[in-house]
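Engineer: Following this line is structure_23.cif, made up of mmCIF, C-alpha atoms and all ligand atoms:
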data_query
#
loop_
_atom_site.label_atom_id
_atom_site.label_comp_id
_atom_site.auth_asym_id
_atom_site.auth_seq_id
_atom_site.Cartn_x
_atom_site.Cartn_y
_atom_site.Cartn_z
CA MET T 7 -32.94 -100.26 8.34
CA LYS T 8 -30.30 -101.24 10.87
CA ILE T 9 -29.33 -98.15 12.87
CA LEU T 10 -26.37 -97.48 15.14
CA ILE T 11 -26.91 -94.71 17.69
CA VAL T 12 -23.70 -93.32 19.15
CA GLY T 13 -23.82 -91.96 22.69
CA SER T 14 -25.13 -92.88 26.12
CA GLY T 15 -27.38 -90.10 27.39
CA GLY T 16 -31.04 -89.18 27.58
CA ARG T 17 -30.81 -87.57 24.16
CA GLU T 18 -29.71 -90.88 22.64
CA HIS T 19 -32.38 -92.84 24.51
CA ALA T 20 -35.01 -90.42 23.19
CA LEU T 21 -33.69 -90.75 19.62
CA GLY T 22 -33.75 -94.53 19.98
CA TRP T 23 -37.27 -94.47 21.43
CA LYS T 24 -38.46 -92.44 18.46
CA LEU T 25 -36.57 -94.43 15.81
CA LYS T 26 -37.84 -97.69 17.27
CA GLN T 27 -41.37 -96.64 16.32
CA SER T 28 -40.44 -96.45 12.64
CA PRO T 29 -41.77 -99.27 10.47
CA LEU T 30 -38.56 -98.93 8.46
CA VAL T 31 -36.29 -99.77 11.37
CA THR T 32 -35.42 -103.42 11.92
CA GLU T 33 -32.77 -103.10 14.59
CA ILE T 34 -31.31 -100.49 16.92
CA ILE T 35 -27.81 -100.84 18.27
CA ALA T 36 -26.28 -98.30 20.63
CA ALA T 37 -22.63 -97.60 21.43
CA PRO T 38 -22.03 -97.45 24.30
CA GLY T 39 -25.74 -96.98 25.10
CA ASN T 40 -27.39 -97.18 28.52
CA PRO T 41 -29.99 -99.35 30.30
CA GLY T 42 -32.81 -97.48 28.56
CA LEU T 43 -31.35 -98.11 25.11
CA ALA T 44 -30.72 -101.72 26.13
CA GLU T 45 -34.50 -102.16 26.30
CA LEU T 46 -34.76 -101.08 22.65
CA GLY T 47 -31.93 -103.14 21.20
CA ARG T 48 -28.34 -104.14 21.70
CA CYS T 49 -25.63 -102.06 23.39
CA VAL T 50 -21.98 -102.50 22.47
CA ALA T 51 -19.12 -101.34 24.66
CA ILE T 52 -17.40 -98.95 22.27
CA LYS T 53 -16.77 -95.39 23.40
CA ALA T 54 -18.55 -92.61 21.52
CA ASP T 55 -15.26 -90.94 20.57
CA ASP T 56 -13.53 -94.09 19.32
CA ALA T 57 -14.11 -93.30 15.64
CA ARG T 58 -11.99 -96.11 14.20
CA GLU T 59 -13.53 -98.82 16.33
CA LEU T 60 -17.07 -97.55 15.65
CA ALA T 61 -16.51 -97.43 11.89
CA ALA T 62 -15.06 -100.96 11.93
CA PHE T 63 -18.05 -102.16 13.95
CA ALA T 64 -20.52 -100.45 11.62
CA LEU T 65 -18.86 -102.11 8.63
CA ARG T 66 -18.89 -105.57 10.23
CA GLU T 67 -22.52 -105.24 11.27
CA GLN T 68 -23.64 -103.77 7.93
CA ILE T 69 -25.17 -100.76 9.64
CA GLU T 70 -27.31 -98.71 7.24
CA LEU T 71 -27.38 -95.45 9.19
CA VAL T 72 -25.25 -94.10 12.03
CA VAL T 73 -26.77 -91.36 14.17
CA ILE T 74 -24.24 -89.30 16.13
CA GLY T 75 -25.46 -88.06 19.50
CA PRO T 76 -22.65 -86.19 21.29
CA GLU T 77 -20.28 -83.54 19.93
CA ALA T 78 -17.26 -85.53 21.12
CA ALA T 79 -18.02 -88.26 18.56
CA ALA T 80 -18.30 -85.71 15.76
CA ALA T 81 -15.17 -83.86 16.87
CA ALA T 82 -13.30 -87.19 16.96
CA GLY T 83 -13.95 -87.63 13.23
CA LEU T 84 -16.58 -90.36 13.31
CA ALA T 85 -18.42 -89.05 10.24
CA ASP T 86 -15.12 -88.89 8.35
CA ALA T 87 -14.26 -92.48 9.30
CA LEU T 88 -17.72 -93.68 8.23
CA ARG T 89 -17.50 -91.88 4.93
CA GLN T 90 -14.32 -93.80 4.16
CA VAL T 91 -16.19 -97.07 4.51
CA GLY T 92 -19.30 -95.80 2.72
CA ILE T 93 -21.78 -95.88 5.61
CA PRO T 94 -24.39 -93.10 5.75
CA CYS T 95 -23.93 -90.94 8.82
CA PHE T 96 -26.24 -88.37 10.35
CA GLY T 97 -23.74 -86.02 11.96
CA PRO T 98 -21.01 -83.59 10.92
CA THR T 99 -17.42 -84.22 9.87
CA LYS T 100 -14.63 -83.09 12.17
CA ALA T 101 -14.14 -79.98 10.02
CA ALA T 102 -17.84 -79.08 10.23
CA ALA T 103 -17.93 -79.79 13.98
CA GLU T 104 -15.53 -76.84 14.44
CA LEU T 105 -18.67 -74.70 14.64
CA GLU T 106 -19.09 -76.07 18.16
CA ALA T 107 -15.59 -77.27 18.98
CA SER T 108 -14.07 -73.78 18.65
CA LYS T 109 -15.91 -70.67 19.75
CA ALA T 110 -13.22 -68.54 18.08
CA PHE T 111 -13.85 -70.33 14.77
CA MET T 112 -17.60 -69.89 15.19
CA LYS T 113 -17.32 -66.16 15.92
CA GLU T 114 -14.94 -65.50 13.03
CA PHE T 115 -17.22 -67.52 10.75
CA CYS T 116 -20.21 -65.38 11.81
CA VAL T 117 -18.31 -62.24 10.88
CA ARG T 118 -17.33 -63.68 7.49
CA HIS T 119 -20.93 -64.59 6.69
CA GLY T 120 -22.89 -61.82 8.36
CA VAL T 121 -24.56 -63.97 11.01
CA PRO T 122 -25.81 -61.77 13.88
CA THR T 123 -23.94 -62.49 17.11
CA ALA T 124 -22.42 -60.52 20.01
CA GLU T 125 -19.30 -58.38 19.39
CA TYR T 126 -16.21 -60.22 20.59
CA LYS T 127 -12.45 -60.53 20.73
CA VAL T 128 -10.21 -63.60 21.03
CA PHE T 129 -7.24 -63.71 23.44
CA ASP T 130 -4.49 -66.12 24.38
CA ASP T 131 -2.83 -63.66 26.71
CA ALA T 132 -4.27 -62.82 30.13
CA ILE T 133 -2.75 -59.34 30.33
CA ARG T 134 -4.23 -58.26 26.99
CA ALA T 135 -7.57 -59.83 27.90
CA LYS T 136 -7.73 -57.88 31.17
CA ALA T 137 -6.68 -54.68 29.46
CA TYR T 138 -9.51 -55.14 26.96
CA LEU T 139 -12.01 -55.23 29.83
CA GLY T 140 -10.63 -51.92 31.06
CA ASP T 141 -12.88 -49.77 28.94
CA ARG T 142 -15.90 -52.05 28.92
CA GLU T 143 -19.04 -52.26 31.05
CA PRO T 144 -20.14 -55.32 33.06
CA PRO T 145 -21.51 -57.93 32.84
CA PHE T 146 -18.49 -59.47 31.11
CA VAL T 147 -18.91 -62.68 29.14
CA ILE T 148 -15.81 -64.88 29.14
CA LYS T 149 -15.66 -68.20 27.32
CA ALA T 150 -13.10 -70.95 26.95
CA ASP T 151 -12.55 -71.52 23.23
CA GLY T 152 -12.93 -75.31 23.18
CA LEU T 153 -15.37 -77.99 24.34
CA ALA T 154 -16.07 -77.75 28.08
CA ALA T 155 -19.36 -79.65 28.50
CA GLY T 156 -21.39 -76.46 28.76
CA LYS T 157 -19.34 -75.22 31.71
CA GLY T 158 -16.76 -73.07 29.95
CA VAL T 159 -18.74 -69.82 30.12
CA VAL T 160 -18.51 -67.23 32.90
CA ILE T 161 -20.82 -64.24 33.13
CA ALA T 162 -18.95 -61.92 35.50
CA GLU T 163 -20.71 -59.04 37.26
CA THR T 164 -17.47 -57.40 38.40
CA ARG T 165 -13.97 -56.83 37.11
CA ARG T 166 -12.56 -58.91 39.95
CA GLU T 167 -14.69 -61.93 38.94
CA ALA T 168 -13.83 -61.42 35.29
CA ASP T 169 -10.09 -61.24 36.00
CA ALA T 170 -10.33 -64.39 38.11
CA ALA T 171 -12.14 -66.21 35.28
CA ILE T 172 -9.47 -65.16 32.79
CA ASP T 173 -6.73 -66.47 35.09
CA GLU T 174 -8.56 -69.72 35.77
CA ILE T 175 -9.07 -70.48 32.11
CA LEU T 176 -5.89 -69.16 30.47
CA PHE T 177 -3.40 -69.59 33.26
CA LEU T 178 -4.62 -72.33 35.59
CA ARG T 179 -6.13 -74.24 32.64
CA LYS T 180 -9.35 -75.09 34.44
CA PHE T 181 -10.68 -76.53 31.17
CA GLY T 182 -7.37 -77.95 29.95
CA THR T 183 -6.48 -77.25 26.32
CA ALA T 184 -10.06 -76.04 25.71
CA GLY T 185 -8.80 -72.91 27.49
CA GLN T 186 -5.73 -72.16 25.38
CA ARG T 187 -7.72 -69.24 24.03
CA ILE T 188 -10.69 -67.32 25.35
CA VAL T 189 -13.44 -65.35 23.71
CA ILE T 190 -14.65 -62.20 25.45
CA GLU T 191 -17.94 -60.94 24.11
CA ASP T 192 -20.66 -58.39 24.74
CA PHE T 193 -23.50 -59.39 27.01
CA LEU T 194 -26.78 -59.87 25.14
CA PRO T 195 -29.92 -59.14 27.15
CA GLY T 196 -33.09 -61.06 26.31
CA GLU T 197 -34.69 -64.47 26.60
CA GLU T 198 -33.01 -67.58 25.26
CA ALA T 199 -34.30 -70.30 22.97
CA SER T 200 -32.78 -73.39 21.39
CA PHE T 201 -33.64 -73.93 17.74
CA PHE T 202 -32.82 -76.92 15.58
CA ALA T 203 -32.54 -77.50 11.84
CA LEU T 204 -31.75 -80.70 9.97
CA CYS T 205 -29.04 -80.18 7.36
CA ASP T 206 -27.67 -82.25 4.50
CA GLY T 207 -24.81 -79.95 3.50
CA GLU T 208 -27.00 -77.79 1.27
CA THR T 209 -30.61 -77.89 2.38
CA ALA T 210 -31.92 -77.08 5.86
CA VAL T 211 -35.25 -78.26 7.23
CA PRO T 212 -36.44 -76.34 10.29
CA LEU T 213 -37.50 -78.35 13.30
CA VAL T 214 -39.03 -76.59 16.31
CA ALA T 215 -37.63 -74.65 19.24
CA ALA T 216 -37.34 -75.49 22.92
CA GLN T 217 -36.28 -73.67 26.05
CA ASP T 218 -33.68 -75.06 28.40
CA HIS T 219 -32.88 -74.34 32.06
CA LYS T 220 -29.13 -74.01 32.44
CA ARG T 221 -28.80 -73.30 36.14
CA ALA T 222 -28.77 -76.13 38.65
CA TYR T 223 -31.37 -74.85 41.12
CA ASP T 224 -34.84 -73.30 41.20
CA GLN T 225 -35.26 -69.64 40.23
CA ASP T 226 -32.25 -69.95 37.94
CA LYS T 227 -29.83 -70.04 40.84
CA GLY T 228 -26.66 -72.03 41.22
CA PRO T 229 -23.98 -73.12 38.78
CA ASN T 230 -24.41 -73.61 35.03
CA THR T 231 -25.17 -77.17 33.94
CA GLY T 232 -25.72 -79.00 30.68
CA GLY T 233 -29.45 -78.35 31.21
CA MET T 234 -31.87 -79.21 34.03
CA GLY T 235 -35.08 -79.31 32.03
CA ALA T 236 -36.71 -78.19 28.82
CA TYR T 237 -40.04 -77.54 27.19
CA SER T 238 -41.28 -77.18 23.66
CA PRO T 239 -42.73 -75.22 21.98
CA ALA T 240 -40.98 -72.07 23.20
CA PRO T 241 -43.65 -69.34 23.27
CA ILE T 242 -41.06 -66.64 22.56
CA PHE T 243 -40.04 -68.40 19.34
CA THR T 244 -42.86 -67.23 17.09
CA ASP T 245 -43.15 -68.14 13.41
CA ALA T 246 -41.71 -64.71 12.57
CA VAL T 247 -38.67 -65.33 14.77
CA ARG T 248 -38.27 -68.76 13.21
CA ASP T 249 -38.29 -67.29 9.70
CA GLN T 250 -35.75 -64.64 10.72
CA THR T 251 -33.57 -67.34 12.27
CA MET T 252 -33.66 -69.43 9.11
CA GLU T 253 -32.91 -66.45 6.84
CA GLN T 254 -30.29 -64.70 8.95
CA ILE T 255 -28.59 -67.54 10.81
CA ILE T 256 -29.21 -71.09 9.57
CA LEU T 257 -29.15 -70.61 5.79
CA PRO T 258 -26.12 -68.26 5.65
CA THR T 259 -24.29 -70.73 7.87
CA LEU T 260 -25.10 -73.67 5.63
CA ARG T 261 -24.01 -71.73 2.53
CA GLY T 262 -20.87 -70.47 4.25
CA MET T 263 -19.85 -73.89 5.50
CA LYS T 264 -20.26 -75.33 2.02
CA ALA T 265 -18.30 -72.45 0.45
CA GLU T 266 -15.50 -72.99 2.97
CA GLY T 267 -15.27 -76.67 2.10
CA ARG T 268 -16.90 -77.91 5.32
CA PRO T 269 -20.44 -78.81 4.28
CA PHE T 270 -22.56 -79.31 7.37
CA VAL T 271 -24.54 -82.54 7.72
CA GLY T 272 -26.52 -83.29 10.85
CA VAL T 273 -28.56 -81.16 13.19
CA LEU T 274 -27.53 -77.55 13.57
CA PHE T 275 -28.51 -76.31 17.02
CA ALA T 276 -28.60 -72.54 17.35
CA GLY T 277 -28.49 -71.26 20.92
CA LEU T 278 -30.26 -67.92 20.49
CA MET T 279 -30.88 -64.75 22.43
CA ILE T 280 -34.19 -63.28 21.32
CA THR T 281 -33.43 -59.55 21.51
CA PRO T 282 -35.66 -56.61 20.58
CA ALA T 283 -33.55 -56.39 17.40
CA GLY T 284 -34.27 -60.02 16.49
CA PRO T 285 -32.56 -63.34 17.20
CA LYS T 286 -28.83 -63.27 17.86
CA LEU T 287 -26.60 -66.31 17.92
CA ILE T 288 -25.05 -67.18 21.29
CA GLU T 289 -23.54 -70.43 20.17
CA PHE T 290 -23.78 -73.21 17.64
CA ASN T 291 -23.90 -76.83 18.61
CA VAL T 292 -23.52 -79.55 16.02
CA ARG T 293 -25.95 -82.02 17.59
CA PHE T 294 -29.30 -82.19 19.29
CA GLY T 295 -29.55 -80.41 22.62
CA ASP T 296 -29.86 -82.47 25.74
CA PRO T 297 -32.53 -82.28 27.28
CA GLU T 298 -34.21 -80.33 24.45
CA CYS T 299 -34.07 -83.35 22.13
CA GLN T 300 -36.22 -85.36 24.53
CA THR T 301 -39.08 -82.84 24.24
CA LEU T 302 -38.71 -82.68 20.44
CA MET T 303 -38.91 -86.46 20.14
CA ARG T 304 -42.06 -86.48 22.27
CA ARG T 305 -43.64 -83.94 19.90
CA MET T 306 -42.55 -85.24 16.50
CA LYS T 307 -45.34 -87.10 14.72
CA SER T 308 -43.47 -87.89 11.50
CA ASP T 309 -41.19 -90.85 11.08
CA LEU T 310 -37.69 -89.76 12.08
CA ALA T 311 -35.76 -92.55 10.34
CA PRO T 312 -36.27 -91.53 6.69
CA VAL T 313 -35.45 -87.85 7.29
CA LEU T 314 -32.22 -88.65 9.10
CA LEU T 315 -31.25 -90.99 6.26
CA LEU T 316 -32.11 -88.38 3.62
CA ALA T 317 -30.00 -85.81 5.49
CA ALA T 318 -27.10 -88.26 5.64
CA GLN T 319 -27.43 -88.87 1.89
CA GLY T 320 -27.63 -85.20 0.89
CA GLN T 321 -31.25 -85.51 -0.21
CA LEU T 322 -33.23 -83.46 2.27
CA ALA T 323 -34.73 -81.34 -0.53
CA GLY T 324 -37.05 -84.26 -1.31
CA ALA T 325 -37.97 -85.00 2.30
CA PRO T 326 -41.61 -85.08 3.38
CA LYS T 327 -42.76 -82.24 5.62
CA ILE T 328 -42.22 -82.93 9.29
CA VAL T 329 -45.41 -82.89 11.32
CA TRP T 330 -45.48 -81.91 15.00
CA ASP T 331 -47.90 -82.53 17.80
CA GLU T 332 -49.39 -79.18 18.88
CA GLN T 333 -49.33 -80.44 22.45
CA PRO T 334 -46.43 -79.18 24.52
CA ALA T 335 -43.81 -81.52 25.91
CA VAL T 336 -41.58 -81.06 28.94
CA THR T 337 -38.49 -82.77 30.32
CA VAL T 338 -37.52 -82.69 33.98
CA VAL T 339 -33.92 -83.72 34.55
CA TYR T 340 -33.41 -85.85 37.65
CA ALA T 341 -29.76 -85.36 38.61
CA ALA T 342 -27.49 -86.98 41.18
CA GLN T 343 -26.82 -85.05 44.38
CA GLY T 344 -23.65 -83.01 43.88
CA TYR T 345 -24.24 -82.36 40.16
CA PRO T 346 -22.70 -80.47 38.37
CA ASP T 347 -19.52 -80.39 40.45
CA GLU T 348 -19.18 -83.86 41.92
CA PRO T 349 -22.23 -86.02 41.30
CA LEU T 350 -22.48 -88.97 43.68
CA LYS T 351 -22.48 -92.22 41.77
CA GLY T 352 -23.92 -95.57 42.75
CA SER T 353 -27.11 -94.66 44.65
CA VAL T 354 -30.04 -97.03 44.02
CA ILE T 355 -33.05 -95.85 42.02
CA ARG T 356 -36.47 -97.48 42.26
CA GLY T 357 -39.84 -96.79 40.70
CA VAL T 358 -38.96 -95.91 37.12
CA GLY T 359 -41.61 -98.42 35.97
CA GLN T 360 -44.25 -96.72 38.15
CA ALA T 361 -43.31 -93.35 36.70
CA ASN T 362 -43.69 -94.74 33.18
CA ASP T 363 -47.21 -95.87 34.17
CA VAL T 364 -48.35 -92.26 34.61
CA PRO T 365 -50.38 -91.35 31.50
CA ASN T 366 -48.35 -89.32 28.95
CA VAL T 367 -45.09 -89.87 30.84
CA VAL T 368 -41.96 -91.46 29.37
CA VAL T 369 -38.76 -91.72 31.41
CA PHE T 370 -35.49 -91.67 29.51
CA HIS T 371 -32.25 -92.94 30.99
CA ALA T 372 -29.39 -90.45 30.93
CA GLY T 373 -26.76 -91.65 33.40
CA THR T 374 -27.75 -95.01 34.83
CA ARG T 375 -26.31 -98.48 35.06
CA VAL T 376 -27.67 -101.86 36.13
CA ASP T 377 -25.34 -103.84 38.39
CA SER T 378 -25.07 -107.61 38.67
CA ASP T 379 -27.59 -107.45 41.54
CA GLY T 380 -30.14 -106.22 38.99
CA LEU T 381 -30.57 -102.86 40.69
CA LEU T 382 -30.66 -99.59 38.77
CA ARG T 383 -28.06 -97.11 39.98
CA ALA T 384 -26.99 -93.55 39.30
CA ASP T 385 -23.94 -93.46 37.05
CA GLY T 386 -23.53 -89.87 35.98
CA GLY T 387 -24.56 -86.28 36.69
CA ARG T 388 -27.85 -86.10 34.86
CA VAL T 389 -29.37 -89.49 35.56
CA LEU T 390 -33.01 -89.65 34.42
CA ASN T 391 -35.22 -87.50 32.20
CA VAL T 392 -38.86 -87.56 33.13
CA THR T 393 -40.78 -86.36 30.07
CA ALA T 394 -44.46 -85.68 29.63
CA THR T 395 -46.90 -84.26 27.13
CA GLY T 396 -50.31 -82.77 27.83
CA PRO T 397 -53.12 -80.69 26.39
CA THR T 398 -51.58 -77.62 28.01
CA LEU T 399 -48.06 -76.89 29.21
CA LEU T 400 -49.32 -76.93 32.79
CA ASP T 401 -50.82 -80.39 32.28
CA ALA T 402 -47.53 -81.61 30.84
CA VAL T 403 -45.58 -80.12 33.75
CA ASN T 404 -47.96 -81.64 36.31
CA SER T 405 -47.70 -85.07 34.68
CA ALA T 406 -43.91 -84.88 34.60
CA TYR T 407 -43.78 -84.06 38.33
CA GLU T 408 -46.30 -86.83 39.02
CA GLY T 409 -43.79 -89.11 37.28
CA VAL T 410 -40.96 -87.70 39.40
CA SER T 411 -42.96 -88.35 42.59
CA ARG T 412 -43.23 -92.07 41.72
CA ILE T 413 -39.46 -92.43 41.56
CA ASP T 414 -37.83 -93.48 44.80
CA TRP T 415 -34.33 -92.05 44.67
CA PRO T 416 -32.96 -90.33 47.78
CA GLY T 417 -29.66 -89.73 45.93
CA GLY T 418 -31.27 -87.43 43.37
CA PHE T 419 -32.64 -83.92 43.00
CA CYS T 420 -34.48 -81.98 40.34
CA ARG T 421 -35.66 -78.46 39.75
CA ARG T 422 -39.30 -77.93 40.72
CA ASP T 423 -39.90 -74.97 38.43
CA ILE T 424 -39.33 -76.30 34.93
CA ALA T 425 -41.17 -74.13 32.36
CA TRP T 426 -41.86 -71.34 34.91
CA ARG T 427 -41.15 -68.63 32.39
CA ALA T 428 -43.79 -69.92 29.97
CA LEU T 429 -46.28 -70.57 32.77
CA SER T 430 -46.01 -67.20 34.49
P1 LIG H 501 -22.83 -71.03 25.77
O1 LIG H 501 -22.11 -72.25 26.29
O2 LIG H 501 -22.03 -70.22 24.82
O3 LIG H 501 -24.22 -71.36 25.28
O4 LIG H 501 -23.13 -70.13 27.04
C1 LIG H 501 -23.80 -70.65 28.18
C2 LIG H 501 -24.83 -69.69 28.66
O5 LIG H 501 -24.24 -68.44 29.01
C3 LIG H 501 -25.87 -69.33 27.60
O6 LIG H 501 -26.89 -70.25 27.53
C4 LIG H 501 -26.34 -67.97 28.11
O7 LIG H 501 -27.26 -68.14 29.16
C5 LIG H 501 -25.10 -67.36 28.65
N1 LIG H 501 -24.45 -66.53 27.65
C6 LIG H 501 -23.47 -66.88 26.80
N2 LIG H 501 -23.09 -65.86 26.02
C7 LIG H 501 -23.85 -64.81 26.38
C8 LIG H 501 -23.94 -63.44 25.95
N3 LIG H 501 -23.14 -62.96 24.99
N4 LIG H 501 -24.83 -62.65 26.54
C9 LIG H 501 -25.65 -63.13 27.53
N5 LIG H 501 -25.60 -64.39 27.99
C10 LIG H 501 -24.73 -65.22 27.42
N1 LIG H 502 -29.01 -78.25 26.73
C1 LIG H 502 -28.00 -77.58 26.04
C2 LIG H 502 -27.05 -78.42 25.31
O1 LIG H 502 -27.32 -79.55 24.98
O2 LIG H 502 -25.95 -77.96 25.04
#
How does this structure look as structure tokens?
Ligand code: AMP
Ligand code: GLY
Structural biologist:
Amino acid sequence: MKILIVGSGGREHALGWKLKQSPLVTEIIAAPGNPGLAELGRCVAIKADDARELAAFALREQIELVVIGPEAAAAAGLADALRQVGIPCFGPTKAAAELEASKAFMKEFCVRHGVPTAEYKVFDDAIRAKAYLGDREPPFVIKADGLAAGKGVVIAETRREADAAIDEILFLRKFGTAGQRIVIEDFLPGEEASFFALCDGETAVPLVAAQDHKRAYDQDKGPNTGGMGAYSPAPIFTDAVRDQTMEQIILPTLRGMKAEGRPFVGVLFAGLMITPAGPKLIEFNVRFGDPECQTLMRRMKSDLAPVLLLAAQGQLAGAPKIVWDEQPAVTVVYAAQGYPDEPLKGSVIRGVGQANDVPNVVVFHAGTRVDSDGLLRADGGRVLNVTATGPTLLDAVNSAYEGVSRIDWPGGFCRRDIAWRALS
């Protein structure tokens, strides 16, 4: 099988690393890829959201499966373009990607199909939005409707902060057209988990859960990020919670999307709040989580290639059961100084090879480049993902930080408390 992986982050490197181990896979090509993916196969300089160019490339190269990494590629209609040329694609159509691309669509969909989520209202008018807050209690949850790289959500403790957030999004257009509308919703107390299910439009196969760390600094301080680390399994996500999540959230969504003429193919990522009343949906993503995916790939024992192909072909019902390593896995994100606001690019990174020499450690590239001088440099916000497995979560965490300590990168920082909740 000749596979094209679309994207350039740590998630895509981890998918490539896993797919490369499949006896069915003959070649891995990544677009645009990164230096980590370049070690596994070829990288081609086509942007992830250039659907036409990617479909033309896939046709020319006789690609047998395209795996979509980032939501931008799905939202740009890559799966639709590939369908036109008859190439199997693991990832949703543009219409199905609305589940992530519009929070208003997602919330309205949940109401139509009885999926448990926080009470909400949609606004395009700042005055009405502020008036709505008038008879509500803090904290206030305010979200830009569209894609904002995980940064479009404000949890405001006071009315003043909430009003400022409304103005910034609706009026000052902090997130551009993603902020033409906002969703204001009730605050859900509880602990969060990320859960993933493979979908072929009709059938869903549960994967496992992970927990992410959204804030930039230790003790969950600092600004929201795309994720500073993850671990799997998530102790809070028991088998009972998983079954509830499948019954109440994943399966109704799959049925509803099909009934509405937007069958969902790809990985459905439910961002959940585990409340005393059961799991509630915070958000849907239409792709693997990053850095959650990296921990999942370290734990998956089964061959990933055939299940992704079966999902793309609408044949998941006949898929073999996916087997997981009981051992926990953890990802520590090594980010560039200044992330998430203004990450400094270009600083030199040494010692990735030494980190990979630590037993049970695998380093994935997330935002790196190699210049003509042969040196590895930071080229993004989240730059490296140091992953580890171990007999216990603490062993995995210790190995990951041993890996981090071998990397010589003054331009980077990472959280030192990944998995604290599960360890304490
Ligand atoms: P989202 O981009 O929708 O996942 O939101 C980002 C983060 O904001 C989530 O991971 C939660 O930590 C928090 N959040 C979002 N919505 C809520 C809510 N209704 N109640 C509590 N926390 C929330
Ligand atoms: N780590 C959360 C996400 O990928 O959106």
Engineer: Give me, as a PyMOL selection string, the set of residues whose atoms come within 7 Å of any atom of ligand LIG 501 (chain H), counting all atoms listed in the file.
Structural biologist: chain T and resi 124+147+156-159+161+191-195+198+220+277+288-289
Engineer: Please indicate the distance in Å from CA of Gln186 in chain T to CA of Asn291 in chain T, rounded to one decimal place.
Structural biologist: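 It comes out at 19.9 Å.
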Engineer: Find the residues near Pro285 in chain T: any atom within 8 Å, counting only C-alpha atoms, skip ones fewer than 2 places away on the same chain, and give them as a ChimeraX atom specification.
Structural biologist: /T:122,247,250-251,278-281,283,287
Engineer: Excluding Thr301 in chain T and its own-chain neighbours fewer than 4 positions away, which residues fall within 8 Å of it when counting all atoms listed in the file? Please give them as a PyMOL selection string.
Structural biologist: chain T and resi 216+236-238+297+305+335-337+393
Engineer: Just the number, please: distance in Å from CA of Val338 in chain T to CA of Tyr223 in chain T, one decimal.
Structural biologist: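 Computing it gives 12.3 Å between the two atoms.
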Engineer: Name the residues in contact with range 344-354 of chain T at a cut-off of 12 Å, using only C-alpha atoms, excluding same-chain residues fewer than 2 positions from it; report them as a VMD selection string.
Structural biologist: chain T and resid 155 to 157 220 to 223 228 to 234 339 to 342 356 to 358 373 to 377 379 to 389 413 to 420
Engineer: Output C-alpha atoms of each residue in that selection to a file, as a tab-separated table (two decimals), keeping the file's coordinate frame.
Structural biologist:
chain	number	residue	atom	x	y	z
T	155	ALA	CA	-19.36	-79.65	28.50
T	156	GLY	CA	-21.39	-76.46	28.76
T	157	LYS	CA	-19.34	-75.22	31.71
T	220	LYS	CA	-29.13	-74.01	32.44
T	221	ARG	CA	-28.80	-73.30	36.14
T	222	ALA	CA	-28.77	-76.13	38.65
T	223	TYR	CA	-31.37	-74.85	41.12
T	228	GLY	CA	-26.66	-72.03	41.22
T	229	PRO	CA	-23.98	-73.12	38.78
T	230	ASN	CA	-24.41	-73.61	35.03
T	231	THR	CA	-25.17	-77.17	33.94
T	232	GLY	CA	-25.72	-79.00	30.68
T	233	GLY	CA	-29.45	-78.35	31.21
T	234	MET	CA	-31.87	-79.21	34.03
T	339	VAL	CA	-33.92	-83.72	34.55
T	340	TYR	CA	-33.41	-85.85	37.65
T	341	ALA	CA	-29.76	-85.36	38.61
T	342	ALA	CA	-27.49	-86.98	41.18
T	356	ARG	CA	-36.47	-97.48	42.26
T	357	GLY	CA	-39.84	-96.79	40.70
T	358	VAL	CA	-38.96	-95.91	37.12
T	373	GLY	CA	-26.76	-91.65	33.40
T	374	THR	CA	-27.75	-95.01	34.83
T	375	ARG	CA	-26.31	-98.48	35.06
T	376	VAL	CA	-27.67	-101.86	36.13
T	377	ASP	CA	-25.34	-103.84	38.39
T	379	ASP	CA	-27.59	-107.45	41.54
T	380	GLY	CA	-30.14	-106.22	38.99
T	381	LEU	CA	-30.57	-102.86	40.69
T	382	LEU	CA	-30.66	-99.59	38.77
T	383	ARG	CA	-28.06	-97.11	39.98
T	384	ALA	CA	-26.99	-93.55	39.30
T	385	ASP	CA	-23.94	-93.46	37.05
T	386	GLY	CA	-23.53	-89.87	35.98
T	387	GLY	CA	-24.56	-86.28	36.69
T	388	ARG	CA	-27.85	-86.10	34.86
T	389	VAL	CA	-29.37	-89.49	35.56
T	413	ILE	CA	-39.46	-92.43	41.56
T	414	ASP	CA	-37.83	-93.48	44.80
T	415	TRP	CA	-34.33	-92.05	44.67
T	416	PRO	CA	-32.96	-90.33	47.78
T	417	GLY	CA	-29.66	-89.73	45.93
T	418	GLY	CA	-31.27	-87.43	43.37
T	419	PHE	CA	-32.64	-83.92	43.00
T	420	CYS	CA	-34.48	-81.98	40.34
Engineer: Which is closer to Leu400 in chain T than all the others in T:Arg427, T:Lys100, T:Lys24, T:Arg421, using all atoms listed in the file?
Structural biologist: T:Arg427
Engineer: Name the residues in contact with Gly13 in chain T at a cut-off of 12 Å, using all atoms listed in the file, excluding same-chain residues fewer than 6 positions from it; report them as a PyMOL selection string.
Structural biologist: chain T and resi 19-22+35-40+43+49-56+60+72-80+84+293-294+296+371-373
Engineer: Compare T:Ala87, T:Leu46, T:Ala154, T:Ile172 by their minimum atom-to-atom distance to Arg58 in chain T, counting all atoms listed in the file, and give me the closest one.
Structural biologist: T:Ala87
Engineer: Nearest to ligand LIG 502 (chain H): which of T:Leu178, T:Ala215, T:Val160, T:Ile69 is it, counting only C-alpha atoms and all ligand atoms?
Structural biologist: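 Closest residue, counting only C-alpha atoms and all ligand atoms: T:Ala215.
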